[in-house]
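**Q** I am sharing input38.cif, which consists of mmCIF, N, CA and C atoms:
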```cif
data_model
#
loop_
_atom_site.label_atom_id
_atom_site.label_comp_id
_atom_site.auth_asym_id
_atom_site.auth_seq_id
_atom_site.Cartn_x
_atom_site.Cartn_y
_atom_site.Cartn_z
N MET Y 30 -8.44 -32.45 -12.19
CA MET Y 30 -7.82 -31.13 -12.08
C MET Y 30 -6.75 -31.04 -13.17
N THR Y 31 -6.76 -29.94 -13.89
CA THR Y 31 -5.79 -29.77 -14.97
C THR Y 31 -4.43 -29.45 -14.37
N PRO Y 32 -3.35 -29.71 -15.10
CA PRO Y 32 -2.00 -29.41 -14.59
C PRO Y 32 -1.84 -27.94 -14.22
N ARG Y 33 -2.46 -27.03 -14.98
CA ARG Y 33 -2.33 -25.60 -14.71
C ARG Y 33 -2.98 -25.23 -13.37
N VAL Y 34 -4.18 -25.76 -13.11
CA VAL Y 34 -4.88 -25.48 -11.86
C VAL Y 34 -4.13 -26.10 -10.69
N LEU Y 35 -3.62 -27.31 -10.88
CA LEU Y 35 -2.85 -27.97 -9.84
C LEU Y 35 -1.60 -27.18 -9.49
N LEU Y 36 -0.89 -26.68 -10.49
CA LEU Y 36 0.31 -25.88 -10.27
C LEU Y 36 -0.04 -24.60 -9.51
N ALA Y 37 -1.12 -23.94 -9.89
CA ALA Y 37 -1.54 -22.72 -9.20
C ALA Y 37 -1.88 -23.02 -7.75
N THR Y 38 -2.57 -24.13 -7.50
CA THR Y 38 -2.94 -24.51 -6.13
C THR Y 38 -1.70 -24.80 -5.31
N ILE Y 39 -0.75 -25.52 -5.86
CA ILE Y 39 0.49 -25.83 -5.14
C ILE Y 39 1.27 -24.56 -4.85
N SER Y 40 1.32 -23.64 -5.80
CA SER Y 40 2.09 -22.42 -5.56
C SER Y 40 1.45 -21.57 -4.47
N LEU Y 41 0.13 -21.60 -4.35
CA LEU Y 41 -0.54 -20.84 -3.29
C LEU Y 41 -0.28 -21.46 -1.92
N LEU Y 42 -0.04 -22.75 -1.88
CA LEU Y 42 0.19 -23.42 -0.62
C LEU Y 42 1.66 -23.46 -0.21
N SER Y 43 2.53 -22.97 -1.07
CA SER Y 43 3.96 -23.01 -0.76
C SER Y 43 4.30 -22.02 0.34
N PRO Y 44 5.36 -22.26 1.10
CA PRO Y 44 5.76 -21.34 2.16
C PRO Y 44 6.03 -19.94 1.66
N ALA Y 45 6.55 -19.80 0.45
CA ALA Y 45 6.83 -18.47 -0.09
C ALA Y 45 5.55 -17.66 -0.25
N ALA Y 46 4.45 -18.32 -0.57
CA ALA Y 46 3.18 -17.61 -0.73
C ALA Y 46 2.66 -17.10 0.60
N CYS Y 47 3.10 -17.69 1.70
CA CYS Y 47 2.64 -17.28 3.02
C CYS Y 47 3.56 -16.23 3.64
N ALA Y 48 4.69 -15.94 3.01
CA ALA Y 48 5.66 -14.99 3.58
C ALA Y 48 5.09 -13.58 3.54
N PRO Y 49 5.36 -12.76 4.57
CA PRO Y 49 4.87 -11.39 4.57
C PRO Y 49 5.58 -10.55 3.52
N PHE Y 50 4.91 -9.50 3.06
CA PHE Y 50 5.53 -8.58 2.12
C PHE Y 50 6.37 -7.60 2.91
N GLY Y 51 7.54 -7.24 2.41
CA GLY Y 51 8.40 -6.29 3.10
C GLY Y 51 9.15 -6.95 4.24
N PRO Y 52 9.83 -6.12 5.06
CA PRO Y 52 10.62 -6.65 6.17
C PRO Y 52 9.76 -7.35 7.21
N ALA Y 53 10.34 -8.32 7.90
CA ALA Y 53 9.62 -9.02 8.97
C ALA Y 53 9.37 -8.07 10.14
N ALA Y 54 8.33 -8.35 10.91
CA ALA Y 54 7.94 -7.48 12.04
C ALA Y 54 8.90 -7.63 13.21
N ASP Y 55 9.99 -6.90 13.18
CA ASP Y 55 10.97 -6.90 14.25
C ASP Y 55 11.12 -5.47 14.75
N PRO Y 56 10.68 -5.18 15.97
CA PRO Y 56 10.72 -3.80 16.45
C PRO Y 56 12.12 -3.22 16.59
N ASP Y 57 13.14 -4.07 16.62
CA ASP Y 57 14.52 -3.59 16.75
C ASP Y 57 15.23 -3.45 15.41
N ASP Y 58 14.53 -3.78 14.32
CA ASP Y 58 15.12 -3.70 12.99
C ASP Y 58 14.83 -2.32 12.40
N PRO Y 59 15.88 -1.49 12.20
CA PRO Y 59 15.66 -0.16 11.64
C PRO Y 59 14.97 -0.18 10.28
N ALA Y 60 15.21 -1.20 9.47
CA ALA Y 60 14.57 -1.29 8.16
C ALA Y 60 13.06 -1.46 8.31
N TYR Y 61 12.64 -2.22 9.31
CA TYR Y 61 11.20 -2.41 9.54
C TYR Y 61 10.57 -1.10 10.02
N GLY Y 62 11.22 -0.42 10.96
CA GLY Y 62 10.73 0.86 11.44
C GLY Y 62 10.67 1.88 10.32
N ARG Y 63 11.68 1.89 9.48
CA ARG Y 63 11.72 2.82 8.35
C ARG Y 63 10.57 2.53 7.37
N ALA Y 64 10.31 1.26 7.11
CA ALA Y 64 9.22 0.89 6.21
C ALA Y 64 7.87 1.38 6.76
N LEU Y 65 7.67 1.23 8.07
CA LEU Y 65 6.44 1.73 8.69
C LEU Y 65 6.36 3.25 8.59
N TYR Y 66 7.49 3.91 8.80
CA TYR Y 66 7.54 5.37 8.70
C TYR Y 66 7.17 5.81 7.28
N GLU Y 67 7.76 5.16 6.30
CA GLU Y 67 7.49 5.52 4.91
C GLU Y 67 6.02 5.30 4.55
N GLU Y 68 5.44 4.26 5.09
CA GLU Y 68 4.05 3.93 4.80
C GLU Y 68 3.06 4.89 5.48
N ASN Y 69 3.40 5.38 6.66
CA ASN Y 69 2.44 6.12 7.47
C ASN Y 69 2.76 7.59 7.74
N CYS Y 70 4.02 7.99 7.62
CA CYS Y 70 4.42 9.30 8.13
C CYS Y 70 5.02 10.25 7.10
N VAL Y 71 5.65 9.71 6.06
CA VAL Y 71 6.40 10.51 5.10
C VAL Y 71 5.56 11.61 4.46
N VAL Y 72 4.32 11.31 4.16
CA VAL Y 72 3.48 12.26 3.44
C VAL Y 72 3.35 13.60 4.18
N CYS Y 73 3.41 13.59 5.50
CA CYS Y 73 3.35 14.83 6.28
C CYS Y 73 4.71 15.24 6.84
N HIS Y 74 5.44 14.27 7.41
CA HIS Y 74 6.70 14.59 8.09
C HIS Y 74 7.92 14.60 7.17
N GLY Y 75 7.77 14.12 5.93
CA GLY Y 75 8.89 14.12 4.99
C GLY Y 75 9.80 12.92 5.17
N SER Y 76 10.60 12.63 4.17
CA SER Y 76 11.45 11.44 4.20
C SER Y 76 12.51 11.49 5.28
N GLY Y 77 12.96 12.68 5.65
CA GLY Y 77 13.96 12.79 6.70
C GLY Y 77 13.39 13.13 8.07
N GLY Y 78 12.07 13.35 8.14
CA GLY Y 78 11.43 13.64 9.42
C GLY Y 78 11.38 15.11 9.79
N ALA Y 79 11.72 16.01 8.85
CA ALA Y 79 11.81 17.44 9.15
C ALA Y 79 10.47 18.16 9.18
N GLY Y 80 9.37 17.45 8.87
CA GLY Y 80 8.07 18.10 8.85
C GLY Y 80 7.78 18.76 7.52
N ASP Y 81 8.46 18.29 6.48
CA ASP Y 81 8.35 18.92 5.16
C ASP Y 81 7.81 17.97 4.10
N GLY Y 82 6.87 17.12 4.48
CA GLY Y 82 6.29 16.18 3.54
C GLY Y 82 5.38 16.85 2.53
N GLU Y 83 4.91 16.09 1.56
CA GLU Y 83 4.04 16.59 0.48
C GLU Y 83 2.84 17.37 0.99
N LEU Y 84 2.21 16.88 2.04
CA LEU Y 84 0.99 17.51 2.54
C LEU Y 84 1.24 18.59 3.59
N ALA Y 85 2.46 18.78 4.01
CA ALA Y 85 2.77 19.69 5.12
C ALA Y 85 2.24 21.10 4.89
N SER Y 86 2.40 21.62 3.71
CA SER Y 86 1.99 23.00 3.45
C SER Y 86 0.47 23.17 3.41
N SER Y 87 -0.27 22.08 3.24
CA SER Y 87 -1.72 22.18 3.18
C SER Y 87 -2.39 21.99 4.54
N LEU Y 88 -1.60 21.71 5.57
CA LEU Y 88 -2.17 21.48 6.91
C LEU Y 88 -2.27 22.78 7.70
N ASN Y 89 -3.23 22.83 8.61
CA ASN Y 89 -3.39 24.02 9.47
C ASN Y 89 -2.21 24.20 10.41
N GLN Y 90 -1.64 23.09 10.82
CA GLN Y 90 -0.49 23.12 11.73
C GLN Y 90 0.65 22.36 11.07
N LYS Y 91 1.82 22.97 11.03
CA LYS Y 91 2.99 22.32 10.42
C LYS Y 91 3.33 21.06 11.19
N PRO Y 92 3.58 19.96 10.51
CA PRO Y 92 3.98 18.73 11.19
C PRO Y 92 5.28 18.95 11.97
N ALA Y 93 5.40 18.27 13.07
CA ALA Y 93 6.58 18.38 13.92
C ALA Y 93 7.83 17.88 13.20
N ASP Y 94 8.95 18.47 13.55
CA ASP Y 94 10.25 17.97 13.08
C ASP Y 94 10.59 16.80 13.99
N LEU Y 95 10.45 15.61 13.48
CA LEU Y 95 10.64 14.41 14.29
C LEU Y 95 12.10 14.12 14.62
N ARG Y 96 13.02 14.86 13.99
CA ARG Y 96 14.45 14.68 14.26
C ARG Y 96 14.85 15.37 15.56
N THR Y 97 13.98 16.23 16.07
CA THR Y 97 14.34 17.04 17.25
C THR Y 97 13.46 16.75 18.47
N ILE Y 98 12.86 15.59 18.51
CA ILE Y 98 12.01 15.23 19.66
C ILE Y 98 12.82 15.29 20.94
N ALA Y 99 13.98 14.66 20.96
CA ALA Y 99 14.82 14.64 22.16
C ALA Y 99 15.30 16.04 22.51
N ALA Y 100 15.72 16.80 21.52
CA ALA Y 100 16.22 18.16 21.76
C ALA Y 100 15.15 19.04 22.40
N ARG Y 101 13.91 18.84 21.99
CA ARG Y 101 12.80 19.62 22.57
C ARG Y 101 12.41 19.12 23.96
N ASN Y 102 12.98 18.00 24.37
CA ASN Y 102 12.65 17.40 25.66
C ASN Y 102 13.91 17.29 26.54
N GLY Y 103 14.74 18.32 26.50
CA GLY Y 103 15.93 18.34 27.34
C GLY Y 103 16.94 17.27 27.03
N GLY Y 104 16.99 16.81 25.78
CA GLY Y 104 17.95 15.80 25.38
C GLY Y 104 17.49 14.37 25.63
N VAL Y 105 16.26 14.21 26.09
CA VAL Y 105 15.74 12.87 26.41
C VAL Y 105 14.69 12.47 25.38
N PHE Y 106 14.85 11.29 24.80
CA PHE Y 106 13.85 10.74 23.91
C PHE Y 106 12.93 9.87 24.76
N ASP Y 107 11.77 10.38 25.08
CA ASP Y 107 10.80 9.67 25.92
C ASP Y 107 9.96 8.76 25.02
N LYS Y 108 10.40 7.52 24.89
CA LYS Y 108 9.77 6.58 23.97
C LYS Y 108 8.30 6.36 24.31
N ASN Y 109 7.97 6.31 25.60
CA ASN Y 109 6.57 6.11 25.99
C ASN Y 109 5.70 7.28 25.54
N LYS Y 110 6.21 8.49 25.70
CA LYS Y 110 5.45 9.67 25.28
C LYS Y 110 5.28 9.69 23.76
N VAL Y 111 6.32 9.31 23.04
CA VAL Y 111 6.26 9.25 21.58
C VAL Y 111 5.22 8.22 21.15
N MET Y 112 5.24 7.04 21.75
CA MET Y 112 4.27 6.01 21.39
C MET Y 112 2.86 6.47 21.73
N SER Y 113 2.69 7.17 22.84
CA SER Y 113 1.37 7.69 23.20
C SER Y 113 0.88 8.70 22.17
N ALA Y 114 1.77 9.55 21.70
CA ALA Y 114 1.39 10.55 20.70
C ALA Y 114 0.96 9.89 19.40
N ILE Y 115 1.67 8.85 19.00
CA ILE Y 115 1.32 8.14 17.77
C ILE Y 115 -0.01 7.41 17.95
N PHE Y 116 -0.16 6.76 19.08
CA PHE Y 116 -1.37 5.99 19.37
C PHE Y 116 -2.57 6.90 19.61
N ALA Y 117 -2.30 8.12 20.08
CA ALA Y 117 -3.31 9.15 20.35
C ALA Y 117 -3.78 9.14 21.80
N ALA Y 118 -3.04 8.51 22.68
CA ALA Y 118 -3.43 8.50 24.08
C ALA Y 118 -3.11 9.84 24.75
N ASP Y 119 -2.17 10.60 24.18
CA ASP Y 119 -1.78 11.88 24.77
C ASP Y 119 -2.69 12.97 24.23
N LYS Y 120 -3.70 13.35 25.00
CA LYS Y 120 -4.69 14.33 24.55
C LYS Y 120 -4.16 15.76 24.64
N ASN Y 121 -2.95 15.96 25.16
CA ASN Y 121 -2.36 17.30 25.24
C ASN Y 121 -1.75 17.73 23.91
N ILE Y 122 -1.59 16.79 22.99
CA ILE Y 122 -0.98 17.09 21.71
C ILE Y 122 -2.09 17.48 20.73
N ALA Y 123 -1.88 18.56 20.02
CA ALA Y 123 -2.87 18.97 19.02
C ALA Y 123 -3.08 17.82 18.04
N ARG Y 124 -4.31 17.45 17.81
CA ARG Y 124 -4.60 16.28 16.99
C ARG Y 124 -4.73 16.60 15.51
N THR Y 125 -3.77 17.31 14.97
CA THR Y 125 -3.70 17.46 13.52
C THR Y 125 -3.31 16.11 12.93
N MET Y 126 -2.48 15.39 13.67
CA MET Y 126 -2.02 14.08 13.24
C MET Y 126 -3.14 13.06 13.44
N PRO Y 127 -3.31 12.17 12.48
CA PRO Y 127 -4.35 11.14 12.65
C PRO Y 127 -4.02 10.21 13.81
N GLU Y 128 -5.06 9.66 14.40
CA GLU Y 128 -4.87 8.67 15.46
C GLU Y 128 -4.61 7.32 14.82
N PHE Y 129 -3.57 6.66 15.27
CA PHE Y 129 -3.23 5.36 14.71
C PHE Y 129 -3.65 4.21 15.62
N GLY Y 130 -4.20 4.53 16.78
CA GLY Y 130 -4.59 3.50 17.74
C GLY Y 130 -5.70 2.59 17.28
N ASP Y 131 -6.49 3.04 16.31
CA ASP Y 131 -7.58 2.19 15.82
C ASP Y 131 -7.17 1.37 14.60
N GLN Y 132 -5.90 1.41 14.24
CA GLN Y 132 -5.39 0.63 13.12
C GLN Y 132 -4.71 -0.63 13.64
N ASP Y 133 -4.39 -1.52 12.72
CA ASP Y 133 -3.66 -2.73 13.08
C ASP Y 133 -2.20 -2.35 13.32
N LEU Y 134 -1.77 -2.41 14.56
CA LEU Y 134 -0.40 -2.05 14.92
C LEU Y 134 0.46 -3.28 15.18
N GLY Y 135 0.04 -4.40 14.63
CA GLY Y 135 0.82 -5.62 14.76
C GLY Y 135 0.52 -6.39 16.03
N ASP Y 136 1.29 -7.42 16.24
CA ASP Y 136 1.15 -8.24 17.43
C ASP Y 136 1.52 -7.45 18.67
N ILE Y 137 1.09 -7.94 19.80
CA ILE Y 137 1.47 -7.34 21.08
C ILE Y 137 2.61 -8.18 21.65
N ILE Y 138 3.66 -7.50 22.07
CA ILE Y 138 4.79 -8.16 22.72
C ILE Y 138 4.94 -7.56 24.12
N ILE Y 139 5.67 -8.24 24.96
CA ILE Y 139 5.93 -7.75 26.31
C ILE Y 139 7.34 -7.16 26.34
N VAL Y 140 7.43 -5.90 26.70
CA VAL Y 140 8.72 -5.22 26.82
C VAL Y 140 9.02 -5.11 28.31
N GLU Y 141 10.16 -5.67 28.71
CA GLU Y 141 10.53 -5.64 30.12
C GLU Y 141 11.48 -4.49 30.39
N HIS Y 142 11.19 -3.78 31.47
CA HIS Y 142 12.03 -2.67 31.91
C HIS Y 142 11.95 -2.60 33.43
N GLY Y 143 13.09 -2.71 34.06
CA GLY Y 143 13.12 -2.64 35.52
C GLY Y 143 12.33 -3.75 36.19
N GLY Y 144 12.27 -4.92 35.55
CA GLY Y 144 11.57 -6.05 36.12
C GLY Y 144 10.07 -6.06 35.86
N LEU Y 145 9.57 -5.05 35.17
CA LEU Y 145 8.15 -5.00 34.85
C LEU Y 145 7.94 -5.24 33.36
N GLY Y 146 6.91 -5.97 33.04
CA GLY Y 146 6.58 -6.23 31.65
C GLY Y 146 5.41 -5.38 31.21
N THR Y 147 5.57 -4.71 30.07
CA THR Y 147 4.52 -3.85 29.53
C THR Y 147 4.13 -4.34 28.16
N PRO Y 148 2.83 -4.57 27.92
CA PRO Y 148 2.42 -4.97 26.57
C PRO Y 148 2.50 -3.79 25.61
N VAL Y 149 3.12 -4.02 24.46
CA VAL Y 149 3.31 -2.97 23.46
C VAL Y 149 3.08 -3.57 22.08
N TYR Y 150 2.44 -2.80 21.21
CA TYR Y 150 2.28 -3.23 19.82
C TYR Y 150 3.63 -3.20 19.12
N VAL Y 151 3.93 -4.24 18.36
CA VAL Y 151 5.20 -4.36 17.66
C VAL Y 151 5.44 -3.16 16.74
N ASP Y 152 4.45 -2.81 15.93
CA ASP Y 152 4.65 -1.72 14.97
C ASP Y 152 4.83 -0.38 15.67
N LEU Y 153 4.14 -0.17 16.76
CA LEU Y 153 4.27 1.07 17.51
C LEU Y 153 5.69 1.20 18.08
N LEU Y 154 6.20 0.11 18.62
CA LEU Y 154 7.56 0.10 19.17
C LEU Y 154 8.59 0.27 18.05
N ALA Y 155 8.38 -0.40 16.93
CA ALA Y 155 9.32 -0.29 15.79
C ALA Y 155 9.39 1.14 15.29
N LEU Y 156 8.26 1.80 15.20
CA LEU Y 156 8.23 3.18 14.74
C LEU Y 156 8.92 4.10 15.73
N ALA Y 157 8.66 3.91 17.02
CA ALA Y 157 9.33 4.73 18.04
C ALA Y 157 10.84 4.48 18.04
N ASN Y 158 11.25 3.23 17.87
CA ASN Y 158 12.69 2.93 17.79
C ASN Y 158 13.32 3.61 16.58
N TYR Y 159 12.61 3.60 15.46
CA TYR Y 159 13.13 4.27 14.27
C TYR Y 159 13.29 5.77 14.53
N LEU Y 160 12.27 6.39 15.10
CA LEU Y 160 12.34 7.82 15.38
C LEU Y 160 13.46 8.15 16.35
N GLU Y 161 13.70 7.28 17.31
CA GLU Y 161 14.81 7.49 18.23
C GLU Y 161 16.14 7.51 17.47
N GLY Y 162 16.21 6.69 16.44
CA GLY Y 162 17.44 6.59 15.64
C GLY Y 162 17.72 7.77 14.73
N ILE Y 163 16.71 8.63 14.48
CA ILE Y 163 16.94 9.77 13.59
C ILE Y 163 17.10 11.08 14.37
N GLN Y 164 17.24 11.00 15.69
CA GLN Y 164 17.39 12.20 16.49
C GLN Y 164 18.72 12.89 16.18
N GLU Y 165 18.69 14.21 16.17
CA GLU Y 165 19.90 15.00 15.91
C GLU Y 165 20.46 15.53 17.22
#
```
Any chance you could put this one into structure tokens?
**A**
Amino acid sequence: MTPRVLLATISLLSPAACAPFGPAADPDDPAYGRALYEENCVVCHGSGGAGDGELASSLNQKPADLRTIAARNGGVFDKNKVMSAIFAADKNIARTMPEFGDQDLGDIIIVEHGGLGTPVYVDLLALANYLEGIQE
């Protein structure tokens, strides 16, 4: 094996080569939620969540203003309802938005609330946490 090939092989096996790109998958990290938002939502909902993304004007239905989810729900941010809408389990929502449930939404973690554990996809929870943080 030549020194060049050996060096390339060693660099591929190094821990840095195995590190994920971008922020680590932490549902409570706003930077991770923001990165997911930018990757999946900005094009329609806009960088601030106002529903004014690049594609918004070309859609049949204007994207929702994601900053006012709680305001439209009596001041309550219903995280489960938001995650259902993103995942596409809520069939009452007009499906102009693509369904994300058939995509890789990360590992499944158990979220405990009131003594009950619920399995939730990490990326789905991170995105919902991010949206909760941008409420006006």
**Q** Pull out every residue that the PyMOL selection byres ((chain Y and resi 80) around 6.5) matches in the shown coordinates and put them as a list in words.
**A** Cys73, His74, Gly75, Gly77, Gly78, Ala79, Asp81, Gly82, Ala85, Lys91, Pro92, Ala93, Asp94 and Leu95 of chain Y
**Q** The selected residues should be written to file as a PDB file, keeping the file's coordinate frame (atoms: N, CA and C atoms).
**A**
```pdb
ATOM      1  N   CYS Y  73       3.410  13.590   5.500  1.00  0.00           N
ATOM      2  CA  CYS Y  73       3.350  14.830   6.280  1.00  0.00           C
ATOM      3  C   CYS Y  73       4.710  15.240   6.840  1.00  0.00           C
ATOM      4  N   HIS Y  74       5.440  14.270   7.410  1.00  0.00           N
ATOM      5  CA  HIS Y  74       6.700  14.590   8.090  1.00  0.00           C
ATOM      6  C   HIS Y  74       7.920  14.600   7.170  1.00  0.00           C
ATOM      7  N   GLY Y  75       7.770  14.120   5.930  1.00  0.00           N
ATOM      8  CA  GLY Y  75       8.890  14.120   4.990  1.00  0.00           C
ATOM      9  C   GLY Y  75       9.800  12.920   5.170  1.00  0.00           C
ATOM     10  N   GLY Y  77      12.960  12.680   5.650  1.00  0.00           N
ATOM     11  CA  GLY Y  77      13.960  12.790   6.700  1.00  0.00           C
ATOM     12  C   GLY Y  77      13.390  13.130   8.070  1.00  0.00           C
ATOM     13  N   GLY Y  78      12.070  13.350   8.140  1.00  0.00           N
ATOM     14  CA  GLY Y  78      11.430  13.640   9.420  1.00  0.00           C
ATOM     15  C   GLY Y  78      11.380  15.110   9.790  1.00  0.00           C
ATOM     16  N   ALA Y  79      11.720  16.010   8.850  1.00  0.00           N
ATOM     17  CA  ALA Y  79      11.810  17.440   9.150  1.00  0.00           C
ATOM     18  C   ALA Y  79      10.470  18.160   9.180  1.00  0.00           C
ATOM     19  N   ASP Y  81       8.460  18.290   6.480  1.00  0.00           N
ATOM     20  CA  ASP Y  81       8.350  18.920   5.160  1.00  0.00           C
ATOM     21  C   ASP Y  81       7.810  17.970   4.100  1.00  0.00           C
ATOM     22  N   GLY Y  82       6.870  17.120   4.480  1.00  0.00           N
ATOM     23  CA  GLY Y  82       6.290  16.180   3.540  1.00  0.00           C
ATOM     24  C   GLY Y  82       5.380  16.850   2.530  1.00  0.00           C
ATOM     25  N   ALA Y  85       2.460  18.780   4.010  1.00  0.00           N
ATOM     26  CA  ALA Y  85       2.770  19.690   5.120  1.00  0.00           C
ATOM     27  C   ALA Y  85       2.240  21.100   4.890  1.00  0.00           C
ATOM     28  N   LYS Y  91       1.820  22.970  11.030  1.00  0.00           N
ATOM     29  CA  LYS Y  91       2.990  22.320  10.420  1.00  0.00           C
ATOM     30  C   LYS Y  91       3.330  21.060  11.190  1.00  0.00           C
ATOM     31  N   PRO Y  92       3.580  19.960  10.510  1.00  0.00           N
ATOM     32  CA  PRO Y  92       3.980  18.730  11.190  1.00  0.00           C
ATOM     33  C   PRO Y  92       5.280  18.950  11.970  1.00  0.00           C
ATOM     34  N   ALA Y  93       5.400  18.270  13.070  1.00  0.00           N
ATOM     35  CA  ALA Y  93       6.580  18.380  13.920  1.00  0.00           C
ATOM     36  C   ALA Y  93       7.830  17.880  13.200  1.00  0.00           C
ATOM     37  N   ASP Y  94       8.950  18.470  13.550  1.00  0.00           N
ATOM     38  CA  ASP Y  94      10.250  17.970  13.080  1.00  0.00           C
ATOM     39  C   ASP Y  94      10.590  16.800  13.990  1.00  0.00           C
ATOM     40  N   LEU Y  95      10.450  15.610  13.480  1.00  0.00           N
ATOM     41  CA  LEU Y  95      10.640  14.410  14.290  1.00  0.00           C
ATOM     42  C   LEU Y  95      12.100  14.120  14.620  1.00  0.00           C
TER      43      LEU Y  95
END
```
**Q** Which residues match the PyMOL selection byres (((chain Y and resi 158 and name CA) around 8) and name CA) in the file above, as a PyMOL selection string?
**A** chain Y and resi 56-57+59+62+108+154-157+159-162
**Q** Can you work out the spacing between atom CA of Y:Gly135 and atom C of Y:Ser76 in Å, to one decimal?
**A**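 One can read the atom CA of Y:Gly135 to atom C of Y:Ser76 distance as 22.8 Å.
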**Q** Once the PyMOL selection byres ((chain Y and resi 165) around 5) has been evaluated on this model, what residues remain selected, and can you format them as a ChimeraX atom specification?
**A** /Y:96,163-164
**Q** If you run DSSP on this backbone, which residues of stretch 98-153 of chain Y come out as strand (DSSP E or B), and could you give them as a PyMOL selection string?
**A** chain Y and resi 137-142+145-150
**Q** If I take atom N of Y:Leu65 and atom N of Y:Gly143, how far is one from the other in Å, to one decimal?
**A**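 Answer for the atom N of Y:Leu65 to atom N of Y:Gly143 separation: 26.8 Å.
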**Q** Do you have the atom CA of Y:Asp133-atom CA of Y:Tyr150 distance handy?
**A**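 Computing it gives 9.0 Å between the two atoms.
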**Q** I'd like the contact shell of Y:Phe116 - 5 Å cut-off, only N, CA and C atoms, skipping same-chain residues fewer than 3 positions apart - returned as a PyMOL selection string.
**A** chain Y and resi 112-113+129-130
**Q** Assuming 3 Å of padding per side, give the centre and edge lengths of the axis-aligned box around every listed atom of stretch 62-79 of chain Y, in Å to one decimal and as lines of an AutoDock Vina configuration file.
**A**
```
center_x = 8.2
center_y = 8.9
center_z = 7.4
size_x = 17.5
size_y = 24.6
size_z = 14.0
```
